[in-house]
>>> print(open('protein_20.cif').read())   # mmCIF, C-alpha atoms and all ligand atoms
data_my_file
#
loop_
_atom_site.label_atom_id
_atom_site.label_comp_id
_atom_site.auth_asym_id
_atom_site.auth_seq_id
_atom_site.Cartn_x
_atom_site.Cartn_y
_atom_site.Cartn_z
CA MET A 1 16.35 40.58 -32.98
CA PHE A 2 18.44 43.67 -32.13
CA ARG A 3 16.90 46.62 -30.38
CA VAL A 4 16.70 49.69 -32.59
CA VAL A 5 17.39 52.90 -30.67
CA PRO A 6 16.87 56.51 -31.82
CA LEU A 7 19.37 58.15 -34.13
CA LEU A 8 22.19 59.74 -32.20
CA SER A 9 25.14 59.57 -34.54
CA LYS A 10 26.24 58.56 -37.99
CA ARG A 11 25.23 54.92 -37.47
CA LYS A 12 22.12 55.90 -39.36
CA GLU A 13 19.56 53.50 -40.61
CA TYR A 14 20.80 50.42 -38.82
CA MET A 15 21.33 51.89 -35.42
CA ARG A 16 23.22 49.38 -33.34
CA LYS A 17 22.87 49.71 -29.60
CA PRO A 18 26.36 50.21 -28.13
CA LEU A 19 27.68 47.32 -26.07
CA ILE A 20 30.37 47.59 -23.41
CA ALA A 21 31.60 44.28 -22.03
CA GLY A 22 33.98 43.81 -19.12
CA ASN A 23 36.29 40.81 -19.17
CA TRP A 24 37.36 40.19 -15.56
CA LYS A 25 39.79 37.45 -16.68
CA MET A 26 41.20 35.40 -13.75
CA TYR A 27 40.61 38.11 -11.16
CA LYS A 28 38.23 38.39 -8.20
CA THR A 29 37.29 35.99 -5.45
CA ILE A 30 33.57 35.57 -4.82
CA ASN A 31 33.49 38.36 -2.22
CA GLU A 32 35.50 40.70 -4.42
CA ALA A 33 33.25 39.94 -7.38
CA ILE A 34 30.12 40.65 -5.35
CA ALA A 35 31.60 43.96 -4.21
CA LEU A 36 32.48 44.98 -7.77
CA ALA A 37 29.06 43.94 -9.09
CA ASN A 38 27.34 45.89 -6.30
CA GLY A 39 29.39 48.97 -7.14
CA LEU A 40 28.52 48.72 -10.83
CA LYS A 41 24.87 48.16 -10.03
CA ARG A 42 24.86 51.26 -7.85
CA GLU A 43 26.37 53.39 -10.62
CA LEU A 44 24.62 51.89 -13.63
CA LEU A 45 21.33 50.54 -12.29
CA ASP A 46 19.05 52.16 -14.87
CA PHE A 47 21.60 52.91 -17.56
CA ASP A 48 20.00 51.69 -20.77
CA LYS A 49 21.76 53.69 -23.46
CA ALA A 50 24.22 50.84 -23.95
CA ASP A 51 24.13 47.15 -23.24
CA ILE A 52 26.47 46.53 -20.34
CA VAL A 53 27.87 43.03 -19.90
CA ILE A 54 30.20 41.80 -17.19
CA CYS A 55 32.11 38.53 -17.55
CA PRO A 56 33.40 37.29 -14.20
CA PRO A 57 35.23 33.98 -13.66
CA PHE A 58 33.05 30.85 -13.59
CA THR A 59 33.32 30.55 -9.81
CA CYS A 60 31.34 33.72 -9.18
CA LEU A 61 28.82 33.77 -12.04
CA SER A 62 25.84 32.81 -9.90
CA GLU A 63 26.71 35.20 -7.07
CA VAL A 64 27.23 38.08 -9.49
CA TYR A 65 23.96 37.23 -11.22
CA GLU A 66 22.13 37.47 -7.90
CA VAL A 67 23.47 41.02 -7.56
CA ILE A 68 22.72 42.29 -11.06
CA MET A 69 19.56 40.39 -11.96
CA GLU A 70 17.27 43.34 -11.35
CA SER A 71 19.50 45.89 -13.04
CA GLU A 72 20.26 46.66 -16.68
CA ILE A 73 23.63 44.89 -16.40
CA LYS A 74 23.88 41.55 -18.17
CA LEU A 75 26.04 38.55 -17.40
CA GLY A 76 28.61 36.88 -19.64
CA ALA A 77 31.19 34.12 -19.29
CA GLN A 78 34.75 34.00 -20.60
CA ASN A 79 34.73 30.56 -22.18
CA LEU A 80 32.66 27.40 -22.59
CA CYS A 81 32.91 23.80 -23.76
CA TRP A 82 31.63 22.89 -27.22
CA GLU A 83 29.81 19.83 -25.89
CA LYS A 84 26.40 19.80 -24.24
CA GLU A 85 27.46 17.53 -21.39
CA GLY A 86 29.58 14.47 -20.73
CA ALA A 87 32.92 13.23 -19.47
CA TYR A 88 34.91 16.44 -20.05
CA THR A 89 36.63 16.97 -16.71
CA GLY A 90 37.12 20.60 -15.84
CA GLU A 91 34.85 21.96 -18.56
CA ILE A 92 31.69 24.09 -18.35
CA SER A 93 28.80 23.51 -20.74
CA PRO A 94 26.72 26.15 -22.56
CA LEU A 95 23.64 25.08 -20.60
CA MET A 96 25.49 25.51 -17.30
CA LEU A 97 26.25 29.09 -18.31
CA LYS A 98 22.61 29.74 -19.15
CA ASP A 99 21.68 28.17 -15.85
CA SER A 100 23.98 30.62 -14.06
CA GLY A 101 22.29 33.60 -15.68
CA CYS A 102 24.62 34.22 -18.63
CA GLU A 103 23.39 35.80 -21.85
CA PHE A 104 26.82 36.30 -23.44
CA VAL A 105 30.06 34.36 -23.70
CA ILE A 106 33.49 35.50 -24.87
CA ILE A 107 34.92 32.98 -27.34
CA GLY A 108 38.39 32.81 -28.87
CA HIS A 109 40.06 35.46 -26.74
CA SER A 110 43.71 35.81 -27.76
CA GLU A 111 44.79 34.61 -24.31
CA ARG A 112 42.92 31.39 -24.94
CA ARG A 113 44.41 31.10 -28.40
CA LYS A 114 47.89 31.67 -26.97
CA TYR A 115 47.92 29.76 -23.66
CA PHE A 116 45.33 27.08 -24.40
CA LEU A 117 46.10 26.68 -28.09
CA GLU A 118 42.55 27.32 -29.25
CA SER A 119 42.28 27.11 -33.01
CA ASN A 120 39.74 28.74 -35.32
CA GLU A 121 38.24 25.28 -35.75
CA LEU A 122 37.69 24.84 -32.01
CA ILE A 123 36.36 28.38 -31.70
CA ASN A 124 33.89 27.60 -34.49
CA LYS A 125 32.61 24.62 -32.49
CA LYS A 126 32.28 26.73 -29.35
CA ILE A 127 30.38 29.48 -31.17
CA LYS A 128 28.00 26.88 -32.54
CA ALA A 129 27.47 25.41 -29.06
CA ALA A 130 26.75 28.86 -27.63
CA LEU A 131 24.27 29.78 -30.36
CA VAL A 132 22.37 26.51 -30.00
CA VAL A 133 21.37 27.40 -26.42
CA GLY A 134 20.75 31.08 -27.17
CA LEU A 135 23.95 32.54 -25.74
CA SER A 136 25.37 35.51 -27.65
CA PRO A 137 28.97 34.71 -28.59
CA ILE A 138 31.51 37.53 -28.50
CA CYS A 139 33.91 36.13 -31.09
CA CYS A 140 37.39 37.62 -30.72
CA VAL A 141 39.76 38.17 -33.62
CA GLY A 142 43.00 40.12 -33.81
CA GLU A 143 46.53 40.20 -35.15
CA THR A 144 49.87 40.12 -33.32
CA LEU A 145 52.37 42.95 -33.56
CA GLU A 146 54.57 40.92 -35.95
CA GLU A 147 51.59 40.30 -38.21
CA ARG A 148 50.65 44.00 -38.21
CA GLU A 149 54.21 45.04 -38.94
CA ALA A 150 54.37 42.56 -41.79
CA GLY A 151 51.26 44.18 -43.31
CA LYS A 152 49.21 41.04 -42.70
CA THR A 153 46.46 42.44 -40.45
CA ILE A 154 43.57 42.10 -42.90
CA GLU A 155 44.75 38.68 -44.11
CA ILE A 156 44.85 37.41 -40.50
CA ILE A 157 41.43 38.82 -39.61
CA LYS A 158 39.93 37.34 -42.79
CA ASN A 159 41.42 33.96 -42.00
CA GLN A 160 40.08 34.06 -38.44
CA LEU A 161 36.59 35.10 -39.59
CA GLU A 162 36.54 32.35 -42.22
CA GLY A 163 37.55 29.73 -39.67
CA CYS A 164 35.45 30.92 -36.75
CA LEU A 165 32.23 31.54 -38.69
CA LYS A 166 32.47 28.62 -41.11
CA GLY A 167 29.26 26.76 -41.90
CA PHE A 168 26.80 29.12 -40.21
CA ALA A 169 23.62 30.38 -41.80
CA ILE A 170 22.36 33.86 -40.95
CA GLU A 171 19.43 32.46 -39.02
CA ASP A 172 21.85 30.51 -36.80
CA MET A 173 23.67 33.64 -35.73
CA LEU A 174 21.14 35.54 -33.69
CA GLY A 175 22.93 37.77 -31.20
CA MET A 176 26.37 37.28 -32.74
CA VAL A 177 28.97 39.87 -31.65
CA VAL A 178 32.49 40.25 -33.05
CA ALA A 179 35.34 41.80 -31.06
CA TYR A 180 38.40 43.13 -32.83
CA GLU A 181 41.21 42.84 -30.31
CA PRO A 182 44.70 43.49 -31.69
CA VAL A 183 46.92 41.25 -29.56
CA TRP A 184 49.54 43.99 -29.24
CA ALA A 185 47.00 46.26 -27.58
CA ILE A 186 45.72 43.85 -24.94
CA GLY A 187 46.95 44.67 -21.45
CA THR A 188 49.80 46.75 -22.87
CA GLY A 189 48.39 50.25 -22.35
CA LYS A 190 48.90 50.80 -26.08
CA ASN A 191 45.50 51.02 -27.78
CA ALA A 192 44.86 51.02 -31.50
CA THR A 193 44.04 54.49 -32.79
CA ALA A 194 40.44 55.14 -33.71
CA LEU A 195 41.42 55.04 -37.38
CA GLN A 196 43.29 51.74 -37.05
CA ALA A 197 40.25 50.26 -35.31
CA GLN A 198 37.81 51.65 -37.88
CA GLU A 199 39.82 50.24 -40.77
CA VAL A 200 39.57 46.71 -39.39
CA HIS A 201 35.98 47.08 -38.17
CA LYS A 202 34.93 48.21 -41.62
CA PHE A 203 36.70 45.25 -43.16
CA ILE A 204 34.89 42.92 -40.74
CA ARG A 205 31.50 44.44 -41.56
CA ASN A 206 32.15 44.23 -45.30
CA TRP A 207 33.28 40.63 -44.91
CA LEU A 208 30.06 39.81 -43.03
CA ALA A 209 28.04 41.52 -45.78
CA GLU A 210 29.80 39.57 -48.52
CA ASN A 211 29.61 36.23 -46.76
CA PHE A 212 26.14 36.52 -45.18
CA SER A 213 24.12 39.62 -46.13
CA SER A 214 24.34 43.36 -45.81
CA GLY A 215 21.26 43.42 -43.58
CA PHE A 216 22.94 40.96 -41.24
CA ALA A 217 26.24 42.84 -41.31
CA ASP A 218 24.49 46.12 -40.53
CA ASN A 219 23.06 44.64 -37.37
CA VAL A 220 26.12 42.87 -35.97
CA ARG A 221 27.86 44.76 -33.21
CA ILE A 222 31.62 44.96 -33.62
CA LEU A 223 33.51 45.81 -30.44
CA TYR A 224 37.04 47.10 -30.11
CA GLY A 225 39.24 45.65 -27.35
CA GLY A 226 42.76 46.52 -26.28
CA SER A 227 43.68 48.98 -23.52
CA VAL A 228 40.33 50.77 -23.59
CA LYS A 229 40.22 53.46 -20.91
CA PRO A 230 37.85 56.30 -19.94
CA ALA A 231 40.17 58.65 -21.87
CA ASN A 232 40.16 56.84 -25.23
CA ILE A 233 36.67 55.35 -25.54
CA LYS A 234 35.07 58.57 -26.85
CA ASP A 235 37.34 58.77 -29.89
CA LEU A 236 36.93 55.09 -30.66
CA MET A 237 33.14 55.34 -30.45
CA LYS A 238 33.08 58.21 -32.95
CA GLU A 239 34.00 55.75 -35.68
CA ALA A 240 31.10 54.50 -37.77
CA ASP A 241 31.82 50.80 -37.31
CA VAL A 242 32.91 50.77 -33.67
CA ASP A 243 29.85 49.71 -31.71
CA GLY A 244 31.36 49.29 -28.28
CA ALA A 245 34.27 47.82 -26.39
CA LEU A 246 35.57 44.70 -24.74
CA VAL A 247 37.41 45.97 -21.69
CA GLY A 248 39.92 43.98 -19.63
CA GLY A 249 41.99 45.77 -16.97
CA ALA A 250 39.78 48.83 -16.72
CA SER A 251 36.70 46.68 -16.04
CA LEU A 252 38.10 45.59 -12.69
CA GLU A 253 37.34 48.89 -10.94
CA VAL A 254 33.89 50.42 -10.51
CA SER A 255 35.05 53.93 -11.38
CA SER A 256 36.96 53.17 -14.57
CA PHE A 257 34.37 50.78 -16.01
CA THR A 258 31.50 53.13 -15.16
CA GLN A 259 33.35 56.02 -16.75
CA ILE A 260 34.00 54.00 -19.90
CA VAL A 261 30.31 53.13 -20.17
CA LYS A 262 29.24 56.74 -19.68
CA ASN A 263 31.89 58.15 -22.02
CA ALA A 264 30.93 55.68 -24.74
CA ILE A 265 27.56 57.35 -25.33
C1 LIG B 301 40.74 41.96 -22.99
O1 LIG B 301 41.10 41.21 -22.10
O2 LIG B 301 39.90 41.58 -23.80
C2 LIG B 301 41.34 43.30 -23.08
C3 LIG B 301 41.02 44.04 -24.09
O3 LIG B 301 42.19 43.66 -22.08
P1 LIG B 301 42.72 45.16 -21.76
O4 LIG B 301 41.53 46.08 -21.82
O5 LIG B 301 43.31 45.07 -20.40
O6 LIG B 301 43.72 45.50 -22.82
#
>>> encode(input="protein_20.cif", output="structure tokens")
Amino acid sequence: MFRVVPLLSKRKEYMRKPLIAGNWKMYKTINEAIALANGLKRELLDFDKADIVICPPFTCLSEVYEVIMESEIKLGAQNLCWEKEGAYTGEISPLMLKDSGCEFVIIGHSERRKYFLESNELINKKIKAALVVGLSPICCVGETLEEREAGKTIEIIKNQLEGCLKGFAIEDMLGMVVAYEPVWAIGTGKNATALQAQEVHKFIRNWLAENFSSGFADNVRILYGGSVKPANIKDLMKEADVDGALVGGASLEVSSFTQIVKNAI
């Protein structure tokens, strides 16, 4: 299921391979995307100490895949429809993503929750649809600033996990990834401290252990997202339950994303 790599840090027995994912959001034309993918391929061609995933817009998935297919870089999408196919104008099915070369898909990003009113229930359906075709969902959870200031962070995360992962059995969740993305840290330049991230990541792992199994929880990669930069990734990665990052703005440049990947190890 998950690749076990040699012991390098305190993630002892259940060594989780770090994962750094770039969320390109609604940036990059096809030519720009090809240029960025070529730059990343040049810098990270044989880099295998972390899984590297890039998530371009739908319009350039196939072109980007053509560039990275013979490298260690993997492809992800930013969203998908919960249905297999049908009269759903404007939507993209899980199979279409697989067909374009995707192995991962971001689901439930806070921007989708906010602007497209995605609920935990809908996210649950999308995760299920992804898993059925063998796509690894990167399920995003995170609290707003108001919720954090009201002391409700853990309550909110618990609620999101309960809703998003409702009804799954362990064997359904092969390749599942969780991303903790505090909404107040996304695109603001204000990242959570390593300790703030670790506190929530640990809660998430414990929740997974209680609701599924400790073996499962030990193998799930939990990413931190929110203003990750080359300068802060090292500290975040020192935490026992931070297994990587979901990177927005800093994934749009070859140099910053490459530096994040290299500094993460
Ligand atoms: C994101 O879009 O998931 C994200 C974390 O963005 P940024 O790194 O720009 O805060």
>>> atom_distance(input="protein_20.cif", atom1="atom CA of A:Ile260", atom2="atom CA of A:Leu40")
11.8 Å
>>> residues_around(input="protein_20.cif", residues="stretch 134-143 of chain A", least_positions_apart="3", cutoff="9 Å", atoms="only C-alpha atoms", output="ChimeraX atom specification")
/A:76,94,97-98,102-110,123,126-131,146-148,152-154,156-157,160-161,164,173-184,223,225
>>> closest_residue(input="protein_20.cif", among="A:Gly90, A:Thr188, A:Trp207, A:Asp235", to="ligand LIG 301 (chain B)", atoms="only C-alpha atoms and all ligand atoms")
A:Thr188
>>> closest_residue(input="protein_20.cif", among="A:Ile186, A:Ala197, A:Ala87, A:Ile30", to="ligand LIG 301 (chain B)", atoms="all atoms listed in the file")
A:Ile186
>>> residues_near_ligand(input="protein_20.cif", ligand="ligand LIG 301 (chain B)", cutoff="8 Å", atoms="only C-alpha atoms and all ligand atoms", output="list in words")
Gly22, Asn23, Trp24, Lys25, His109, Ser110, Glu111, Glu181, Ala185, Ile186, Gly187, Thr188, Gly189, Asn191, Tyr224, Gly225, Gly226, Ser227, Val228, Lys229, Leu246, Val247, Gly248, Gly249, Ala250 and Ser251 of chain A
>>> closest_residue(input="protein_20.cif", among="A:Phe257, A:Ile92, A:Glu171, A:Ile222", to="A:Leu36", atoms="all atoms listed in the file")
A:Phe257
>>> closest_residue(input="protein_20.cif", among="A:Gly39, A:Pro18, A:Gly151, A:Gly86", to="A:Ile68", atoms="all atoms listed in the file")
A:Gly39
>>> atom_distance(input="protein_20.cif", atom1="atom CA of A:Leu122", atom2="atom CA of A:Leu165")
10.9 Å
